[in-house]
Every structure is written in C-alpha cells, then in structure tokens.
>>> print(open('upload31.txt').read())   # compact mmCIF, C-alpha atoms and all ligand atoms
# COMPACT_ATOMS: atom_id res chain seq x y z
CA MET J 170 54.55 32.75 205.01
CA ILE J 171 55.38 30.67 208.07
CA ARG J 172 53.53 32.10 211.05
CA VAL J 173 55.67 32.00 214.19
CA ALA J 174 54.69 32.45 217.86
CA LEU J 175 57.35 32.80 220.53
CA THR J 176 57.31 32.20 224.29
CA GLY J 177 60.03 33.79 226.40
CA ALA J 178 59.90 36.66 223.91
CA LEU J 179 61.70 39.15 226.17
CA GLY J 180 64.45 36.80 227.39
CA ARG J 181 68.03 36.56 226.15
CA MET J 182 67.19 33.92 223.55
CA GLY J 183 63.72 35.26 222.71
CA THR J 184 65.13 38.70 221.87
CA LEU J 185 67.66 37.17 219.46
CA VAL J 186 65.07 34.88 217.86
CA ILE J 187 62.97 37.99 217.09
CA GLN J 188 66.02 39.73 215.55
CA GLU J 189 66.79 36.68 213.45
CA LEU J 190 63.11 36.27 212.41
CA SER J 191 63.03 39.84 211.11
CA LYS J 192 65.70 38.85 208.53
CA GLN J 193 63.67 35.94 207.09
CA ASN J 194 61.58 36.57 203.97
CA ASP J 195 59.39 33.53 204.53
CA MET J 196 58.58 33.97 208.23
CA ASP J 197 56.39 36.31 210.25
CA LEU J 198 56.26 36.80 214.02
CA VAL J 199 52.52 36.66 214.79
CA ALA J 200 52.67 36.48 218.60
CA GLY J 201 55.19 36.90 221.42
CA LEU J 202 54.46 36.00 225.02
CA ASP J 203 56.28 36.51 228.29
CA ILE J 204 55.47 36.95 231.98
CA ILE J 205 57.08 40.41 231.85
CA GLY J 206 56.72 43.46 229.60
CA GLU J 207 53.08 43.08 228.50
CA GLY J 208 52.41 45.56 225.67
CA LYS J 209 56.08 46.08 224.81
CA PRO J 210 56.61 46.28 221.02
CA LEU J 211 58.34 43.17 219.64
CA SER J 212 58.08 44.02 215.94
CA ARG J 213 56.20 46.53 213.76
CA ASP J 214 52.91 44.65 214.20
CA VAL J 215 53.28 42.60 217.38
CA THR J 216 53.41 43.60 221.05
CA ALA J 217 54.22 41.28 223.95
CA ALA J 218 51.22 39.42 225.34
CA HIS J 219 51.04 38.03 228.87
CA ALA J 220 51.94 34.34 229.13
CA SER J 221 48.66 33.58 230.92
CA LYS J 222 46.79 34.31 227.65
CA ILE J 223 48.63 31.66 225.64
CA LYS J 224 45.59 29.57 224.69
CA GLU J 225 43.53 32.49 223.40
CA ILE J 226 46.54 34.06 221.63
CA LEU J 227 47.34 30.80 219.82
CA SER J 228 43.75 30.32 218.75
CA GLN J 229 43.44 33.98 217.58
CA THR J 230 46.77 34.17 215.69
CA ASN J 231 46.83 30.63 214.29
CA PRO J 232 50.63 30.14 214.12
CA ASP J 233 52.29 27.29 212.22
CA VAL J 234 54.94 26.90 214.90
CA LEU J 235 55.64 27.97 218.50
CA ILE J 236 59.27 28.52 219.52
CA ASP J 237 59.84 28.20 223.27
CA PHE J 238 62.83 29.54 225.21
CA THR J 239 61.50 29.89 228.76
CA GLU J 240 62.02 27.61 231.78
CA PRO J 241 60.91 24.01 232.32
CA ASN J 242 57.51 24.47 234.08
CA ALA J 243 56.51 27.21 231.67
CA ALA J 244 57.68 25.21 228.65
CA VAL J 245 55.60 22.15 229.61
CA ASN J 246 52.53 24.34 229.90
CA ASN J 247 53.31 26.03 226.57
CA VAL J 248 53.77 22.67 224.85
CA LEU J 249 50.37 21.49 226.15
CA SER J 250 48.71 24.70 224.91
CA ALA J 251 50.38 24.36 221.50
CA THR J 252 49.35 20.74 221.02
CA GLU J 253 45.74 21.59 221.98
CA ASN J 254 45.80 24.17 219.18
CA ASP J 255 47.59 21.92 216.65
CA VAL J 256 50.65 24.19 216.60
CA ASN J 257 54.04 22.61 215.76
CA LEU J 258 56.87 23.18 218.20
CA VAL J 259 60.53 24.11 218.55
CA VAL J 260 61.53 23.67 222.20
CA GLY J 261 64.89 25.12 223.25
CA THR J 262 64.30 25.28 226.99
CA THR J 263 66.59 23.03 229.05
CA GLY J 264 66.54 21.54 232.56
CA PHE J 265 63.48 19.29 232.22
CA LYS J 266 62.88 16.51 234.72
CA ARG J 267 62.14 13.05 233.36
CA ASP J 268 58.39 13.30 234.10
CA GLN J 269 58.19 16.69 232.38
CA LEU J 270 59.77 15.24 229.23
CA GLU J 271 57.28 12.37 229.41
CA THR J 272 54.32 14.77 229.70
CA MET J 273 55.53 16.71 226.65
CA ARG J 274 56.18 13.55 224.62
CA ASN J 275 52.68 12.22 225.37
CA ALA J 276 51.07 15.50 224.34
CA ILE J 277 53.11 15.82 221.12
CA ASN J 278 53.07 12.29 219.73
CA GLY J 279 50.45 11.79 217.05
CA LYS J 280 49.34 15.43 217.34
CA VAL J 281 52.02 17.81 216.02
CA ALA J 282 55.68 17.83 214.93
CA ALA J 283 58.26 19.07 217.44
CA VAL J 284 62.00 19.64 217.42
CA ILE J 285 63.32 19.44 220.98
CA SER J 286 67.02 20.14 221.42
CA PRO J 287 69.13 21.32 224.34
CA ASN J 288 71.42 22.95 221.78
CA PHE J 289 70.43 24.36 218.38
CA SER J 290 73.94 25.22 217.19
CA VAL J 291 75.09 23.31 214.14
CA GLY J 292 78.61 22.96 215.64
CA VAL J 293 77.37 21.22 218.78
CA ASN J 294 75.47 18.70 216.71
CA VAL J 295 78.75 17.75 214.99
CA PHE J 296 80.50 17.79 218.42
CA TRP J 297 78.00 15.16 219.64
CA LYS J 298 78.87 12.95 216.65
CA LEU J 299 82.61 13.28 217.33
CA ILE J 300 82.04 12.24 220.95
CA ALA J 301 80.22 9.09 219.83
CA LEU J 302 83.18 8.27 217.57
CA ALA J 303 85.76 8.90 220.32
CA ALA J 304 83.82 6.86 222.90
CA GLU J 305 83.56 3.95 220.48
CA ASN J 306 87.35 3.94 219.98
CA LEU J 307 88.53 4.83 223.50
CA LYS J 308 86.34 2.59 225.64
CA ASP J 309 88.98 2.16 228.40
CA PHE J 310 89.84 5.85 228.76
CA ASP J 311 88.60 7.98 231.66
CA VAL J 312 85.98 10.50 230.52
CA GLU J 313 85.34 13.92 232.06
CA VAL J 314 82.80 16.49 230.88
CA ILE J 315 83.49 20.14 231.64
CA GLU J 316 80.97 22.83 230.76
CA ALA J 317 80.97 26.59 231.39
CA HIS J 318 78.08 29.06 231.17
CA HIS J 319 77.14 32.57 232.31
CA ASN J 320 76.28 33.29 235.95
CA GLN J 321 72.51 33.60 235.28
CA LYS J 322 72.02 30.05 233.99
CA LYS J 323 69.46 28.27 236.16
CA ASP J 324 70.17 24.58 235.44
CA ALA J 325 73.32 22.49 235.90
CA PRO J 326 74.73 20.45 234.32
CA SER J 327 73.71 22.01 231.00
CA GLY J 328 71.26 20.19 228.73
CA THR J 329 74.09 19.87 226.21
CA ALA J 330 76.32 18.14 228.80
CA LEU J 331 73.46 15.79 229.74
CA ALA J 332 73.10 14.93 226.05
CA VAL J 333 76.85 14.13 226.03
CA VAL J 334 76.28 11.70 228.92
CA GLU J 335 73.47 9.95 227.02
CA ILE J 336 75.80 9.55 223.99
CA LEU J 337 78.62 8.18 226.19
CA LYS J 338 76.25 5.72 227.90
CA LYS J 339 75.32 4.20 224.53
CA THR J 340 78.93 2.96 224.32
CA LEU J 341 80.04 2.78 227.96
CA GLY J 342 76.83 1.35 229.45
CA ASP J 343 74.91 2.76 232.40
CA ILE J 344 78.02 4.22 234.04
CA GLU J 345 77.77 6.46 237.13
CA VAL J 346 78.01 10.23 236.70
CA VAL J 347 79.92 12.03 239.48
CA SER J 348 79.27 15.76 239.63
CA GLY J 349 82.32 17.68 240.91
CA ARG J 350 84.55 16.01 243.48
CA ASP J 351 85.28 16.90 247.07
CA GLY J 352 87.18 15.16 249.85
CA SER J 353 88.15 11.50 249.57
CA CYS J 354 87.00 10.51 246.09
CA LEU J 355 89.27 8.09 244.34
CA ARG J 356 88.15 7.81 240.74
CA GLY J 357 86.08 4.73 239.90
CA LYS J 358 84.37 3.66 236.69
CA GLU J 359 82.52 6.91 236.21
CA ILE J 360 81.97 9.99 234.08
CA GLY J 361 83.15 13.14 235.84
CA MET J 362 80.90 16.17 235.34
CA HIS J 363 81.97 19.74 236.10
CA ALA J 364 79.84 22.88 235.71
CA ILE J 365 81.44 26.33 235.75
CA ARG J 366 79.13 29.36 236.15
CA ALA J 367 80.86 32.68 235.60
CA GLY J 368 80.47 36.08 233.96
CA ASP J 369 78.85 36.14 230.53
CA ILE J 370 80.19 32.88 229.08
CA VAL J 371 77.76 31.90 226.31
CA GLY J 372 78.46 28.14 226.41
CA ASP J 373 81.64 26.02 226.42
CA HIS J 374 81.76 22.22 226.46
CA ILE J 375 84.85 20.02 226.69
CA VAL J 376 84.81 16.23 226.71
CA LEU J 377 88.15 14.85 227.84
CA PHE J 378 89.19 11.25 227.17
CA ALA J 379 92.38 10.34 229.09
CA GLY J 380 94.33 7.09 228.84
CA PRO J 381 97.85 5.92 229.57
CA GLY J 382 100.30 8.56 228.33
CA GLU J 383 97.80 10.62 226.30
CA ARG J 384 94.54 12.49 226.25
CA LEU J 385 92.07 13.70 223.67
CA GLU J 386 89.88 16.75 224.23
CA ILE J 387 86.86 17.56 222.09
CA LYS J 388 85.76 21.13 222.60
CA HIS J 389 82.94 23.37 221.42
CA GLN J 390 82.61 27.05 222.27
CA ALA J 391 79.62 29.18 221.38
CA HIS J 392 80.78 32.78 220.84
CA SER J 393 77.30 34.20 220.48
CA ARG J 394 73.73 33.12 221.22
CA MET J 395 73.09 33.87 217.55
CA ALA J 396 74.34 30.32 216.88
CA PHE J 397 71.34 29.00 218.87
CA ALA J 398 68.84 31.54 217.53
CA SER J 399 69.63 30.86 213.87
CA GLY J 400 69.50 27.09 214.54
CA ALA J 401 66.06 27.51 216.15
CA ILE J 402 64.87 29.38 213.04
CA LYS J 403 66.15 26.56 210.81
CA ALA J 404 64.31 24.07 213.03
CA ALA J 405 61.09 26.13 212.83
CA ARG J 406 61.21 26.22 209.03
CA TRP J 407 61.87 22.46 208.93
CA VAL J 408 59.25 21.39 211.49
CA VAL J 409 56.28 22.94 209.69
CA GLY J 410 56.80 20.44 206.86
CA ALA J 411 57.48 17.43 209.09
CA ARG J 412 55.17 14.57 209.99
CA THR J 413 53.88 14.43 213.57
CA GLY J 414 56.49 13.21 216.04
CA ILE J 415 59.51 14.33 218.03
CA TYR J 416 62.75 15.23 216.26
CA SER J 417 66.23 16.43 217.17
CA MET J 418 68.49 19.01 215.53
CA ALA J 419 70.32 16.13 213.80
CA ASP J 420 67.10 15.51 211.82
CA VAL J 421 66.94 19.19 210.85
CA ILE J 422 70.52 19.39 209.58
CA GLY J 423 70.32 15.93 208.04
CA SER J 424 73.26 14.52 209.99
CA ARG J 425 71.68 11.41 211.47
N1 LIG G 1 68.51 24.90 223.06
C1 LIG G 1 69.42 25.87 222.95
O1 LIG G 1 70.17 25.95 221.95
C2 LIG G 1 69.52 26.88 224.06
C3 LIG G 1 70.41 27.96 223.95
C4 LIG G 1 70.42 28.92 224.98
C5 LIG G 1 69.55 28.78 226.05
N2 LIG G 1 68.74 27.70 226.13
C6 LIG G 1 67.76 27.53 227.21
O2 LIG G 1 66.63 28.35 226.90
C7 LIG G 1 66.00 28.79 228.10
C8 LIG G 1 65.91 30.31 228.10
O3 LIG G 1 67.23 30.84 228.13
P1 LIG G 1 67.48 32.43 228.20
O4 LIG G 1 68.95 32.59 228.38
O5 LIG G 1 66.78 33.11 227.09
O6 LIG G 1 66.74 32.75 229.59
P2 LIG G 1 66.08 34.13 230.05
O7 LIG G 1 65.86 33.98 231.52
O8 LIG G 1 66.87 35.29 229.54
O9 LIG G 1 64.68 34.13 229.27
C9 LIG G 1 63.57 33.35 229.62
C10 LIG G 1 62.34 34.21 229.39
O10 LIG G 1 61.18 33.41 229.58
C11 LIG G 1 60.21 34.19 230.23
N3 LIG G 1 59.18 33.33 230.82
C12 LIG G 1 59.16 32.69 232.02
N4 LIG G 1 58.01 32.00 232.16
C13 LIG G 1 57.30 32.20 231.02
C14 LIG G 1 56.04 31.73 230.54
N5 LIG G 1 55.24 30.96 231.30
N6 LIG G 1 55.64 32.10 229.31
C15 LIG G 1 56.39 32.91 228.54
N7 LIG G 1 57.58 33.40 228.93
C16 LIG G 1 58.03 33.04 230.16
C17 LIG G 1 61.04 35.00 231.25
O11 LIG G 1 60.32 36.13 231.74
C18 LIG G 1 62.23 35.39 230.38
O12 LIG G 1 61.99 36.61 229.67
C19 LIG G 1 66.85 28.21 229.23
O13 LIG G 1 66.27 26.98 229.64
C20 LIG G 1 68.20 27.96 228.58
O14 LIG G 1 68.97 26.95 229.21
C21 LIG G 1 68.70 26.76 225.15
>>> encode(input="upload31.txt", output="structure tokens")
Amino acid sequence: MIRVALTGALGRMGTLVIQELSKQNDMDLVAGLDIIGEGKPLSRDVTAAHASKIKEILSQTNPDVLIDFTEPNAAVNNVLSATENDVNLVVGTTGFKRDQLETMRNAINGKVAAVISPNFSVGVNVFWKLIALAAENLKDFDVEVIEAHHNQKKDAPSGTALAVVEILKKTLGDIEVVSGRDGSCLRGKEIGMHAIRAGDIVGDHIVLFAGPGERLEIKHQAHSRMAFASGAIKAARWVVGARTGIYSMADVIGSR
C-alpha cells in the first residue's frame, strides 16, 4: 500500500484528492492537514490535523508521499518538512516566486523525489507540446495567452499560463510579456497575457498565434477539477518509485 499524506486537505483540490484516493486499491490516506477544520473526518480512519503539527504527523504516520494543494508560503514549509522526513512529494500549488522555487529545489535535490506541476491534467500536458510545435513553425506570428479561472483564484497569471510563456521563450527568446493592455500601447515584440477571473470557471487556456491573413488558436478547457485530482494521484503513484530529483507531469505520463 502506498501511504499518502495530504496538505490543504479541506480545500477544493484536497477534497477531490481524498475522493479520488478512496477509489484506489493500492493507496491509503494516512494523514490530512489544513489550517481549518481540525478533527473533521477525512476518511474512515483519518481526521484533519492542524497544519502546525506537520513535522510530528509525518514522523508518526510515515507516509511514502505528501500531496500538497495549499498556497505558496504554506507549500514551501510543507516541502521542507517532507524532505526532513524523507517523504516524496507531489506539489500542485501554484504562484511560487523564484526564490521559493529555489528553496524547494535545494531541499528536494538529492533527498527525495518530487513531481511539481502547475497543471496535473493529461490534456494540458499535450497542450503544452502542441504550443511548442506551433511556436517552432510560426516564429513571426503575434502570440497572445488568454486564461480564465474562477473568482477565488489567488494568483494571476495562472501557473499553467506561466508554463506556456516558458515554452514560448525556448523558441522566441527572452521576449517581453505584457499583462493586459490599457491606454496607448501599440503592440511590440511581446507576448500578450490576459487573465479572466469570473464565476466558477475551472480553468481555460487559449494560446493564439496570429499572422497575416490567418490565426491559429490552441485551447484547453478543464471541465472539472477531477482532471487535476486524478493526475495528482497518478503522479503520487509514480513518484514513490522514482529516483531522487524533480520531475514534471510529462515524466509521469511518459510524454517527454
Ligand atoms: N497543479 C494543478 O493541477 C492545480 C489544479 C488546481 C489548483 N491548483 C493550485 O492548488 C492550490 C490550491 O487550490 P484550491 O483551489 O484547492 O485552493 P483552496 O483555497 O480551496 O484550498 C487550499 C487549502 O489549503 C489550506 N491551507 C492553507 N495553508 C495551509 C497549510 N499551511 N497547511 C495545510 N493546509 C493549508 C487552506 O485552508 C485550504 O483549505 C492553488 O495554488 C491552486 O492554484 C493546482
């Protein structure tokens, strides 16, 4: 049995990860932590523990993997606690600053295996590959990234859109990213970035390549957070057998 601990256990993603875990024959939830709802039942055997107890909970329950869907400061702290306890990681949280990513990388490397991905859906991982192909073939086209999410999302642009920018930069060079436009703003050599926040949109991403007389749009829409939760479970199963190091979802689905 793969022993799984979860941080952000009572959040939107955490709740779905628990549902999805309960369907797996080879996985057991051994601990769930959050800053809210201490003592709330999460499964038949596990109740929510307070996030402040993470180190003792990890050492008592001895999980094989910690899945984190929280927020950036919390996630960095959770990653440090997991690496101290030799627990592998699946990190779904988005919105990290550069120095936070660096802190996590330093703690993980040579210690445990971790899958870090701003998007665990299988479809988005193919979407990223299609964008690389389009960028390679449409180098002179204008590129705009448009993403839409629910009105509770804390970070913008989305981690998935930022990953799109990194893919585009591999082909287009270190091109400027212009977020939204207002007033006098004639388009230069840039990537336009637009973040919509409205209602309960789960996650839409469009990358638009426009040239003379034509345009190509590559679009992914997540209909349900289940797409992310089931991807995170796949990543958890995969990471417990991986060598130490940092991996992406492309490694998990074998599409690199
Ligand atoms: N990688 C992906 O595929 C993917 C998909 C969806 C969301 N996300 C990201 O996952 C994160 C969570 O998203 P959500 O929609 O579930 O948010 P949410 O706000 O519904 O849930 C976050 C949960 O984390 C808890 N929390 C905060 N600090 C904590 C701590 N120190 N320890 C434990 N729990 C703590 C909160 O109380 C809350 O219950 C966000 O960064 C979001 O962008 C990633």
>>> atom_distance(input="upload31.txt", atom1="atom C21 of ligand LIG 1 (chain G)", atom2="atom CA of J:Thr262")
5.0 Å
>>> residues_near_ligand(input="upload31.txt", ligand="ligand LIG 1 (chain G)", cutoff="7 Å", atoms="only C-alpha atoms and all ligand atoms", output="PDB file with C-alpha atoms, keeping the file's coordinate frame")
ATOM      1  CA  THR J 176      57.310  32.200 224.290  1.00  0.00           C
ATOM      2  CA  GLY J 177      60.030  33.790 226.400  1.00  0.00           C
ATOM      3  CA  ALA J 178      59.900  36.660 223.910  1.00  0.00           C
ATOM      4  CA  LEU J 179      61.700  39.150 226.170  1.00  0.00           C
ATOM      5  CA  GLY J 180      64.450  36.800 227.390  1.00  0.00           C
ATOM      6  CA  ARG J 181      68.030  36.560 226.150  1.00  0.00           C
ATOM      7  CA  MET J 182      67.190  33.920 223.550  1.00  0.00           C
ATOM      8  CA  GLY J 183      63.720  35.260 222.710  1.00  0.00           C
ATOM      9  CA  LEU J 202      54.460  36.000 225.020  1.00  0.00           C
ATOM     10  CA  ASP J 203      56.280  36.510 228.290  1.00  0.00           C
ATOM     11  CA  ILE J 204      55.470  36.950 231.980  1.00  0.00           C
ATOM     12  CA  ILE J 205      57.080  40.410 231.850  1.00  0.00           C
ATOM     13  CA  ALA J 220      51.940  34.340 229.130  1.00  0.00           C
ATOM     14  CA  PHE J 238      62.830  29.540 225.210  1.00  0.00           C
ATOM     15  CA  THR J 239      61.500  29.890 228.760  1.00  0.00           C
ATOM     16  CA  GLU J 240      62.020  27.610 231.780  1.00  0.00           C
ATOM     17  CA  PRO J 241      60.910  24.010 232.320  1.00  0.00           C
ATOM     18  CA  ALA J 243      56.510  27.210 231.670  1.00  0.00           C
ATOM     19  CA  ALA J 244      57.680  25.210 228.650  1.00  0.00           C
ATOM     20  CA  GLY J 261      64.890  25.120 223.250  1.00  0.00           C
ATOM     21  CA  THR J 262      64.300  25.280 226.990  1.00  0.00           C
ATOM     22  CA  THR J 263      66.590  23.030 229.050  1.00  0.00           C
ATOM     23  CA  GLY J 264      66.540  21.540 232.560  1.00  0.00           C
ATOM     24  CA  SER J 286      67.020  20.140 221.420  1.00  0.00           C
ATOM     25  CA  PRO J 287      69.130  21.320 224.340  1.00  0.00           C
ATOM     26  CA  ASN J 288      71.420  22.950 221.780  1.00  0.00           C
ATOM     27  CA  PHE J 289      70.430  24.360 218.380  1.00  0.00           C
ATOM     28  CA  SER J 290      73.940  25.220 217.190  1.00  0.00           C
ATOM     29  CA  LYS J 322      72.020  30.050 233.990  1.00  0.00           C
ATOM     30  CA  ASP J 324      70.170  24.580 235.440  1.00  0.00           C
ATOM     31  CA  ARG J 394      73.730  33.120 221.220  1.00  0.00           C
ATOM     32  CA  PHE J 397      71.340  29.000 218.870  1.00  0.00           C
TER      33      PHE J 397
END
>>> residues_around(input="upload31.txt", residues="stretch 348-355 of chain J", least_positions_apart="6", cutoff="9 Å", atoms="all atoms listed in the file", output="ChimeraX atom specification")
/J:326,361-364
>>> residues_near_point(input="upload31.txt", point="(85.4, 28.9, 223.0)", cutoff="12 Å", atoms="only C-alpha atoms", output="list in words")
Gly292, Val293, Glu316, Ala317, His318, Ile370, Val371, Gly372, Asp373, His374, Ile375, Ile387, Lys388, His389, Gln390, Ala391, His392 and Ser393 of chain J
>>> closest_residue(input="upload31.txt", among="J:Leu337, J:Val260, J:Leu227, J:Ala330", to="J:Asn306", atoms="all atoms listed in the file")
J:Leu337
>>> closest_residue(input="upload31.txt", among="J:Glu253, J:Glu386, J:Asp268, J:Asp233", to="J:Glu313", atoms="all atoms listed in the file")
J:Glu386
>>> residues_around(input="upload31.txt", residues="stretch 272-285 of chain J", least_positions_apart="2", cutoff="6 Å", atoms="only C-alpha atoms", output="list in words")
Asn257, Leu258, Val259, Val260, Gln269, Leu270, Arg412, Thr413, Gly414, Ile415, Tyr416 and Ser417 of chain J
>>> atom_distance(input="upload31.txt", atom1="atom CA of J:Asp237", atom2="atom CA of J:Ala401")
9.5 Å
>>> atom_distance(input="upload31.txt", atom1="atom CA of J:Ser212", atom2="atom CA of J:Val234")
17.4 Å
>>> closest_residue(input="upload31.txt", among="J:Val215, J:Val248, J:Leu307, J:Val291", to="J:Pro381", atoms="only C-alpha atoms")
J:Leu307
>>> residues_around(input="upload31.txt", residues="J:Thr216", least_positions_apart="3", cutoff="12 Å", atoms="all atoms listed in the file", output="PyMOL selection string")
chain J and resi 174-175+178-179+187+198-203+205-213+219+226
>>> residues_near_point(input="upload31.txt", point="(80.9, 15.2, 219.3)", cutoff="10 Å", atoms="all atoms listed in the file", output="VMD selection string")
chain J and resid 292 to 304 333 336 375 to 376 387 to 389
>>> write_last_selection(input="upload31.txt", atoms="C-alpha atoms", output="compact mmCIF listing (two decimals), in the coordinates of the input")
# COMPACT_ATOMS: atom_id res chain seq x y z
CA GLY J 292 78.61 22.96 215.64
CA VAL J 293 77.37 21.22 218.78
CA ASN J 294 75.47 18.70 216.71
CA VAL J 295 78.75 17.75 214.99
CA PHE J 296 80.50 17.79 218.42
CA TRP J 297 78.00 15.16 219.64
CA LYS J 298 78.87 12.95 216.65
CA LEU J 299 82.61 13.28 217.33
CA ILE J 300 82.04 12.24 220.95
CA ALA J 301 80.22 9.09 219.83
CA LEU J 302 83.18 8.27 217.57
CA ALA J 303 85.76 8.90 220.32
CA ALA J 304 83.82 6.86 222.90
CA VAL J 333 76.85 14.13 226.03
CA ILE J 336 75.80 9.55 223.99
CA ILE J 375 84.85 20.02 226.69
CA VAL J 376 84.81 16.23 226.71
CA ILE J 387 86.86 17.56 222.09
CA LYS J 388 85.76 21.13 222.60
CA HIS J 389 82.94 23.37 221.42
>>> closest_residue(input="upload31.txt", among="J:Arg267, J:Arg356, J:Ser228, J:Glu383", to="J:Thr252", atoms="all atoms listed in the file")
J:Ser228
>>> axis_aligned_box(input="upload31.txt", around="stretch 205-213 of chain J", padding_each_side="8 Å", output="JSON")
{"center_x": 55.4, "center_y": 43.5, "center_z": 222.8, "size_x": 21.9, "size_y": 22.1, "size_z": 34.1}
>>> closest_residue(input="upload31.txt", among="J:Asn194, J:Asn254, J:Gln188, J:Thr329", to="J:Lys224", atoms="all atoms listed in the file")
J:Asn254
